[in-house]
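Text of work-v3.cif, listed as mmCIF, C-alpha atoms:
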data_data
loop_
_atom_site.group_PDB
_atom_site.id
_atom_site.type_symbol
_atom_site.label_atom_id
_atom_site.label_comp_id
_atom_site.auth_asym_id
_atom_site.auth_seq_id
_atom_site.Cartn_x
_atom_site.Cartn_y
_atom_site.Cartn_z
ATOM 1 C CA MET A 1 -8.973 -11.699 21.951
ATOM 2 C CA PRO A 2 -11.737 -9.799 20.135
ATOM 3 C CA VAL A 3 -10.925 -9.189 16.480
ATOM 4 C CA ALA A 4 -12.584 -6.669 14.151
ATOM 5 C CA VAL A 5 -11.901 -7.649 10.551
ATOM 6 C CA GLN A 6 -12.458 -5.462 7.508
ATOM 7 C CA THR A 7 -12.541 -7.353 4.235
ATOM 8 C CA PHE A 8 -13.883 -6.271 0.864
ATOM 9 C CA ALA A 9 -17.118 -8.041 -0.025
ATOM 10 C CA LYS A 10 -18.034 -6.059 -3.141
ATOM 11 C CA SER A 11 -16.608 -3.736 -5.758
ATOM 12 C CA THR A 12 -17.421 -0.463 -3.965
ATOM 13 C CA LEU A 13 -15.930 1.429 -1.029
ATOM 14 C CA PRO A 14 -17.040 0.004 2.329
ATOM 15 C CA GLN A 15 -18.799 2.318 4.768
ATOM 16 C CA GLY A 16 -16.355 4.701 6.435
ATOM 17 C CA PHE A 17 -13.766 4.401 3.637
ATOM 18 C CA GLY A 18 -12.684 6.982 1.105
ATOM 19 C CA SER A 19 -10.071 7.187 -1.619
ATOM 20 C CA GLU A 20 -7.944 9.493 -3.717
ATOM 21 C CA GLY A 21 -6.668 8.489 -7.141
ATOM 22 C CA ARG A 22 -7.406 5.150 -8.786
ATOM 23 C CA VAL A 23 -8.671 2.652 -6.195
ATOM 24 C CA ARG A 24 -10.574 -0.478 -7.225
ATOM 25 C CA PHE A 25 -11.932 -3.655 -5.654
ATOM 26 C CA LEU A 26 -11.115 -6.741 -7.711
ATOM 27 C CA LYS A 27 -11.629 -10.486 -7.566
ATOM 28 C CA SER A 28 -8.389 -11.063 -9.465
ATOM 29 C CA MET A 29 -5.851 -9.208 -11.530
ATOM 30 C CA ASP A 30 -3.367 -10.323 -14.160
ATOM 31 C CA TRP A 31 -0.114 -8.372 -14.261
ATOM 32 C CA GLY A 32 2.703 -10.636 -15.370
ATOM 33 C CA PHE A 33 1.610 -13.046 -12.665
ATOM 34 C CA ARG A 34 -1.784 -13.333 -10.997
ATOM 35 C CA ALA A 35 -2.621 -11.521 -7.765
ATOM 36 C CA GLN A 36 -5.717 -13.211 -6.408
ATOM 37 C CA ASP A 37 -7.550 -13.382 -3.124
ATOM 38 C CA LYS A 38 -7.293 -16.617 -1.066
ATOM 39 C CA THR A 39 -4.192 -17.712 -2.960
ATOM 40 C CA ASN A 40 -0.632 -18.500 -1.872
ATOM 41 C CA VAL A 41 -0.466 -17.120 1.633
ATOM 42 C CA GLU A 42 3.213 -16.731 2.543
ATOM 43 C CA PRO A 43 4.427 -20.107 3.889
ATOM 44 C CA GLY A 44 5.766 -20.346 7.412
ATOM 45 C CA ILE A 45 3.754 -17.425 8.801
ATOM 46 C CA GLU A 46 0.666 -18.131 10.871
ATOM 47 C CA ILE A 47 -1.945 -15.650 9.706
ATOM 48 C CA LEU A 48 -5.688 -15.562 9.169
ATOM 49 C CA PRO A 49 -6.645 -16.504 5.604
ATOM 50 C CA GLN A 50 -8.038 -14.052 3.093
ATOM 51 C CA THR A 51 -11.771 -14.717 3.131
ATOM 52 C CA SER A 52 -13.325 -11.824 1.230
ATOM 53 C CA GLY A 53 -14.557 -11.984 -2.339
ATOM 54 C CA TYR A 54 -12.452 -8.997 -3.421
ATOM 55 C CA PHE A 55 -9.176 -7.281 -2.620
ATOM 56 C CA CYS A 56 -8.412 -3.579 -2.850
ATOM 57 C CA LEU A 57 -5.951 -2.336 -5.486
ATOM 58 C CA ILE A 58 -4.530 1.109 -4.751
ATOM 59 C CA ASP A 59 -3.173 2.837 -7.879
ATOM 60 C CA ASP A 60 -2.616 0.858 -11.078
ATOM 61 C CA PRO A 61 0.674 -0.514 -12.460
ATOM 62 C CA HIS A 62 -0.536 -0.731 -16.066
ATOM 63 C CA HIS A 63 1.220 1.481 -18.617
ATOM 64 C CA ASN A 64 1.463 1.881 -22.384
ATOM 65 C CA GLY A 65 4.642 -0.180 -22.811
ATOM 66 C CA ALA A 66 6.854 2.894 -22.647
ATOM 67 C CA GLY A 67 6.138 3.431 -18.947
ATOM 68 C CA VAL A 68 3.439 6.105 -19.318
ATOM 69 C CA ARG A 69 0.505 5.481 -16.966
ATOM 70 C CA ALA A 70 -2.586 3.932 -18.458
ATOM 71 C CA PHE A 71 -4.601 5.818 -15.814
ATOM 72 C CA PRO A 72 -3.763 9.195 -14.215
ATOM 73 C CA GLY A 73 -2.236 9.273 -10.756
ATOM 74 C CA ALA A 74 -3.295 11.670 -8.019
ATOM 75 C CA ASP A 75 -0.886 14.121 -6.391
ATOM 76 C CA MET A 76 0.881 12.290 -3.545
ATOM 77 C CA SER A 77 3.626 14.881 -2.958
ATOM 78 C CA GLN A 78 2.584 15.251 0.697
ATOM 79 C CA PHE A 79 3.914 11.742 1.398
ATOM 80 C CA THR A 80 7.607 11.104 1.979
ATOM 81 C CA CYS A 81 9.893 8.275 2.992
ATOM 82 C CA ASP A 82 12.913 9.379 5.063
ATOM 83 C CA HIS A 83 15.861 6.993 4.686
ATOM 84 C CA GLY A 84 17.740 8.321 7.717
ATOM 85 C CA ASP A 85 20.897 9.152 5.769
ATOM 86 C CA GLY A 86 20.094 12.688 4.654
ATOM 87 C CA THR A 87 18.003 11.517 1.703
ATOM 88 C CA VAL A 88 14.239 11.359 1.340
ATOM 89 C CA THR A 89 12.026 9.752 -1.300
ATOM 90 C CA TYR A 90 9.463 12.403 -2.140
ATOM 91 C CA GLY A 91 6.143 11.115 -3.447
ATOM 92 C CA HIS A 92 4.845 12.257 -6.822
ATOM 93 C CA LYS A 93 1.861 10.443 -8.383
ATOM 94 C CA GLY A 94 -0.138 7.581 -6.928
ATOM 95 C CA ALA A 95 -3.254 6.831 -4.899
ATOM 96 C CA ARG A 96 -4.457 6.198 -1.361
ATOM 97 C CA LEU A 97 -7.197 4.436 0.528
ATOM 98 C CA TYR A 98 -8.319 5.754 3.914
ATOM 99 C CA TRP A 99 -10.555 4.519 6.718
ATOM 100 C CA ALA A 100 -11.978 7.416 8.743
ATOM 101 C CA ASP A 101 -13.223 7.569 12.332
ATOM 102 C CA VAL A 102 -11.428 4.442 13.501
ATOM 103 C CA ALA A 103 -11.118 3.800 17.250
ATOM 104 C CA ILE A 104 -8.543 1.371 18.643
ATOM 105 C CA ALA A 105 -8.510 0.653 22.384
ATOM 106 C CA PRO A 106 -5.292 1.073 24.411
ATOM 107 C CA GLY A 107 -3.027 -1.873 23.747
ATOM 108 C CA GLY A 108 -4.852 -2.702 20.520
ATOM 109 C CA LYS A 109 -3.048 -3.895 17.414
ATOM 110 C CA LEU A 110 -3.604 -3.423 13.716
ATOM 111 C CA GLN A 111 -2.561 -5.843 10.988
ATOM 112 C CA PHE A 112 -3.213 -6.087 7.255
ATOM 113 C CA HIS A 113 -2.167 -8.249 4.319
ATOM 114 C CA TYR A 114 -0.603 -6.792 1.203
ATOM 115 C CA ILE A 115 1.067 -7.363 -2.145
ATOM 116 C CA PHE A 116 3.325 -4.640 -3.561
ATOM 117 C CA LEU A 117 3.276 -4.621 -7.371
ATOM 118 C CA ARG A 118 6.619 -3.125 -8.254
ATOM 119 C CA GLY A 119 6.830 -0.594 -11.054
ATOM 120 C CA GLN A 120 9.833 1.711 -11.580
ATOM 121 C CA GLN A 121 12.999 0.075 -10.261
ATOM 122 C CA ASN A 122 15.716 2.339 -11.659
ATOM 123 C CA ASN A 123 17.556 4.824 -9.457
ATOM 124 C CA PRO A 124 17.091 7.650 -8.756
ATOM 125 C CA PHE A 125 13.358 6.990 -9.295
ATOM 126 C CA ASN A 126 11.513 4.513 -7.120
ATOM 127 C CA ALA A 127 8.195 3.939 -5.395
ATOM 128 C CA PHE A 128 6.970 3.132 -1.919
ATOM 129 C CA ALA A 129 3.932 1.805 -0.087
ATOM 130 C CA GLN A 130 3.168 3.391 3.265
ATOM 131 C CA PHE A 131 0.729 3.024 6.136
ATOM 132 C CA LEU A 132 -0.181 6.017 8.321
ATOM 133 C CA ALA A 133 -2.349 6.535 11.386
ATOM 134 C CA VAL A 134 -3.392 10.190 11.550
ATOM 135 C CA ARG A 135 -5.261 11.960 14.349
ATOM 136 C CA PRO A 136 -8.016 14.494 13.522
ATOM 137 C CA THR A 137 -5.484 17.257 14.303
ATOM 138 C CA GLY A 138 -3.299 16.014 11.431
ATOM 139 C CA GLU A 139 -0.687 14.525 13.759
ATOM 140 C CA ILE A 140 0.845 11.339 12.334
ATOM 141 C CA VAL A 141 1.193 8.878 15.205
ATOM 142 C CA ARG A 142 2.298 5.861 13.144
ATOM 143 C CA ARG A 143 4.109 5.698 9.819
ATOM 144 C CA SER A 144 5.328 2.488 8.226
ATOM 145 C CA SER A 145 7.026 2.467 4.808
ATOM 146 C CA PHE A 146 6.714 -1.263 4.316
ATOM 147 C CA ALA A 147 7.596 -1.742 0.634
ATOM 148 C CA GLN A 148 9.951 0.146 -1.673
ATOM 149 C CA THR A 149 11.538 -0.380 -5.070
ATOM 150 C CA LYS A 150 14.875 0.966 -3.830
ATOM 151 C CA ASP A 151 15.259 -2.532 -2.399
ATOM 152 C CA ALA A 152 14.416 -5.475 -4.635
ATOM 153 C CA GLY A 153 12.812 -7.227 -1.675
ATOM 154 C CA PRO A 154 11.943 -10.929 -1.456
ATOM 155 C CA VAL A 155 12.000 -12.869 -4.697
ATOM 156 C CA GLU A 156 8.569 -13.938 -5.930
ATOM 157 C CA HIS A 157 8.112 -17.572 -6.960
ATOM 158 C CA GLY A 158 5.422 -19.485 -8.800
ATOM 159 C CA ARG A 159 2.364 -18.309 -10.697
ATOM 160 C CA PHE A 160 1.083 -16.027 -7.966
ATOM 161 C CA TYR A 161 2.269 -12.982 -6.119
ATOM 162 C CA ARG A 162 2.219 -13.913 -2.444
ATOM 163 C CA TRP A 163 0.169 -12.174 0.212
ATOM 164 C CA ARG A 164 2.247 -10.987 3.186
ATOM 165 C CA ALA A 165 1.108 -9.943 6.637
ATOM 166 C CA HIS A 166 2.431 -6.636 7.903
ATOM 167 C CA PRO A 167 3.797 -7.090 11.436
ATOM 168 C CA PRO A 168 1.214 -6.053 14.076
ATOM 169 C CA ILE A 169 1.213 -2.302 14.725
ATOM 170 C CA VAL A 170 0.665 -1.710 18.451
ATOM 171 C CA PHE A 171 -1.198 1.330 19.773
ATOM 172 C CA ALA A 172 -0.203 1.239 23.440
ATOM 173 C CA ALA A 173 -2.182 4.395 24.270
ATOM 174 C CA GLY A 174 -5.006 3.637 21.847
ATOM 175 C CA PHE A 175 -5.894 5.599 18.745
ATOM 176 C CA ALA A 176 -8.753 7.599 17.257
ATOM 177 C CA GLY A 177 -8.524 8.988 13.752
ATOM 178 C CA THR A 178 -7.909 7.932 10.158
ATOM 179 C CA LEU A 179 -5.925 4.975 8.831
ATOM 180 C CA GLN A 180 -4.327 5.469 5.426
ATOM 181 C CA TRP A 181 -2.647 3.222 2.856
ATOM 182 C CA VAL A 182 -0.627 5.045 0.204
ATOM 183 C CA VAL A 183 1.328 3.961 -2.858
ATOM 184 C CA THR A 184 3.256 6.461 -4.946
ATOM 185 C CA ASN A 185 6.091 6.779 -7.392
ATOM 186 C CA GLY A 186 8.772 9.114 -6.158
ATOM 187 C CA GLN A 187 12.362 10.238 -6.354
ATOM 188 C CA ARG A 188 15.112 9.942 -3.770
ATOM 189 C CA ARG A 189 16.689 13.351 -3.209
ATOM 190 C CA ALA A 190 18.557 15.264 -0.555
ATOM 191 C CA ARG A 191 16.351 16.156 2.414
ATOM 192 C CA GLY A 192 14.762 19.569 1.789
ATOM 193 C CA ASP A 193 14.935 19.266 -2.016
ATOM 194 C CA PRO A 194 11.490 17.961 -3.074
ATOM 195 C CA MET A 195 11.636 18.959 -6.771
ATOM 196 C CA VAL A 196 11.128 15.540 -8.358
ATOM 197 C CA HIS A 197 11.693 14.903 -12.064
ATOM 198 C CA PRO A 198 8.534 14.552 -14.220
ATOM 199 C CA ASP A 199 9.729 11.123 -15.393
ATOM 200 C CA THR A 200 9.283 9.919 -11.821
ATOM 201 C CA ASP A 201 5.707 9.147 -12.853
ATOM 202 C CA LEU A 202 6.781 6.480 -15.351
ATOM 203 C CA HIS A 203 6.230 2.776 -14.594
ATOM 204 C CA PRO A 204 3.657 3.166 -11.788
ATOM 205 C CA SER A 205 3.363 0.720 -8.919
ATOM 206 C CA GLY A 206 0.283 -0.672 -7.199
ATOM 207 C CA LEU A 207 -0.642 -1.911 -3.745
ATOM 208 C CA ALA A 208 -3.107 -4.726 -3.108
ATOM 209 C CA ILE A 209 -4.434 -4.952 0.453
ATOM 210 C CA ASP A 210 -6.921 -7.210 2.171
ATOM 211 C CA PHE A 211 -7.912 -8.524 5.575
ATOM 212 C CA ILE A 212 -7.426 -5.497 7.842
ATOM 213 C CA SER A 213 -7.598 -6.732 11.461
ATOM 214 C CA ILE A 214 -7.955 -4.696 14.641
ATOM 215 C CA ILE A 215 -7.105 -6.872 17.654
ATOM 216 C CA ALA A 216 -8.204 -5.561 21.035
#

Spit out the file's structure as structure tokens when you get a sec.
Amino acid sequence: MPVAVQTFAKSTLPQGFGSEGRVRFLKSMDWGFRAQDKTNVEPGIEILPQTSGYFCLIDDPHHNGAGVRAFPGADMSQFTCDHGDGTVTYGHKGARLYWADVAIAPGGKLQFHYIFLRGQQNNPFNAFAQFLAVRPTGEIVRRSSFAQTKDAGPVEHGRFYRWRAHPPIVFAAGFAGTLQWVVTNGQRRARGDPMVHPDTDLHPSGLAIDFISIIA
């Protein structure tokens, strides 16, 4: 099957990409443990290796020791995570990477690798990482909230955070539009009550992504 792979070969935005908030392209990053390209692919999952020289870090988990961001976050209040129980995590501050003018043929699949760098873990504040596929009309045709601090998630082992492959996202009818990757701190509130507390911005999270694959 034909595969179109987007990796990050240098420390600038690739052609067709844009960003909002703090987005960087790094060879490695120390944050408690080391998140590094080509290192510790999740065992037991058959995936393509990371082969680029850099990975993309969306937002920045560094803070001043008291939780205050070392770098400002952009307004991510338009992004939400609905938990299906009458509560919603409303985004607050964070960052996003987007890939514009993407075309995926009918039946095509998208996959990417990621590491979620957890920040705030105390209820009612949390954070989430989200993928969206958005048509030029603004219609969201795919939304995947694939990492959240409301759930501790898999335990990390060893010196390295482990890269994980998001399950393939199938576009049965094809797709044309913009792909987005978002990470934001937020607060879980009753649906329809988006007034998050200012302290929601403490202890920011980050999202590392690499090896975006479009499989025809």

What separates atom CA of A:Gly108 and atom CA of A:Gly138 is a distance of 20.9 Å

Could you pull the residues within 7 Å of A:Thr89, counting only C-alpha atoms, minus those fewer than 3 positions along the same chain, as a compact mmCIF listing (two decimals) with C-alpha atoms, in the coordinates of the input?
# COMPACT_ATOMS: atom_id res chain seq x y z
CA THR A 80 7.61 11.10 1.98
CA CYS A 81 9.89 8.28 2.99
CA ASP A 82 12.91 9.38 5.06
CA GLY A 186 8.77 9.11 -6.16
CA GLN A 187 12.36 10.24 -6.35
CA ARG A 188 15.11 9.94 -3.77
CA ARG A 189 16.69 13.35 -3.21

Give the answer as one residue: which of A:Arg24, A:Arg142, A:Arg191, A:Arg162 has the shortest atom-to-atom distance to A:Lys109, using all atoms listed in the file?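 Distance minimum relative to A:Lys109 lands on A:Arg142.
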
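Distance check against A:Tyr161 using only C-alpha atoms: of A:Arg34, A:Lys93, A:Arg143, A:Lys10, the minimum falls on A:Arg34.
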
Around (-8.9, 4.5, -0.3), as given in the file, which residues come within 6 Å? Count only C-alpha atoms and list them as a VMD selection string. chain A and resid 18 to 19 96 to 98

Just the number, please: distance in Å from atom CA of A:Thr178 to atom CA of A:Phe128, one decimal.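 Atom CA of A:Thr178 sits 19.8 Å away from atom CA of A:Phe128.
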
Would you pick out the contacts of A:Ala216 at 9 Å or less, using all atoms listed in the file, so that residues sharing its chain but fewer than 2 positions from it are not included, and give the list as a PyMOL selection string? chain A and resi 1-4+104-110+214

What residues come out when you apply the PyMOL selection byres ((chain A and resi 140) around 12) to this file, written as a PDB file with C-alpha atoms, in the coordinates of the input?
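Result file out_1.pdb:
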ATOM      1  CA  PHE A  79       3.914  11.742   1.398  1.00  0.00           C
ATOM      2  CA  PHE A 131       0.729   3.024   6.136  1.00  0.00           C
ATOM      3  CA  LEU A 132      -0.181   6.017   8.321  1.00  0.00           C
ATOM      4  CA  ALA A 133      -2.349   6.535  11.386  1.00  0.00           C
ATOM      5  CA  VAL A 134      -3.392  10.190  11.550  1.00  0.00           C
ATOM      6  CA  ARG A 135      -5.261  11.960  14.349  1.00  0.00           C
ATOM      7  CA  PRO A 136      -8.016  14.494  13.522  1.00  0.00           C
ATOM      8  CA  THR A 137      -5.484  17.257  14.303  1.00  0.00           C
ATOM      9  CA  GLY A 138      -3.299  16.014  11.431  1.00  0.00           C
ATOM     10  CA  GLU A 139      -0.687  14.525  13.759  1.00  0.00           C
ATOM     11  CA  VAL A 141       1.193   8.878  15.205  1.00  0.00           C
ATOM     12  CA  ARG A 142       2.298   5.861  13.144  1.00  0.00           C
ATOM     13  CA  ARG A 143       4.109   5.698   9.819  1.00  0.00           C
ATOM     14  CA  SER A 144       5.328   2.488   8.226  1.00  0.00           C
ATOM     15  CA  PHE A 175      -5.894   5.599  18.745  1.00  0.00           C
ATOM     16  CA  ALA A 176      -8.753   7.599  17.257  1.00  0.00           C
ATOM     17  CA  GLY A 177      -8.524   8.988  13.752  1.00  0.00           C
ATOM     18  CA  THR A 178      -7.909   7.932  10.158  1.00  0.00           C
ATOM     19  CA  LEU A 179      -5.925   4.975   8.831  1.00  0.00           C
ATOM     20  CA  GLN A 180      -4.327   5.469   5.426  1.00  0.00           C
TER      21      GLN A 180
END

Determine the residue set returned by the PyMOL selection byres ((chain A and resi 146-148) around 12) for the present structure, and present it as a PyMOL selection string. chain A and resi 80-83+89+91+112-123+125-132+143-145+149-154+164-167+169+181-188+205-208

Can you list what the PyMOL selection byres ((chain A and resi 196) around 8) grabs from this structure, as a PyMOL selection string? chain A and resi 90+92+186-187+189+194-195+197-198+200

Find the residue from A:Val5, A:Phe211, A:Thr87, A:Pro14 that sits nearest to A:Ala100; use only C-alpha atoms when measuring.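 Nearest to A:Ala100: A:Pro14.
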
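The interatomic distance for the pair atom CA of A:Pro168 and atom CA of A:Ile215 works out to 9.1 Å.
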
Looking at all atoms listed in the file, which of A:Gly86, A:Glu20, A:Ala35, A:Gln111 is the one that sits closest to A:Ala74? A:Glu20

So which residues touch A:Asp210 within 8 Å, counting only C-alpha atoms, skipping near sequence neighbours fewer than 5 positions away, as a PyMOL selection string? chain A and resi 6-8+50+52+55-56+112-114
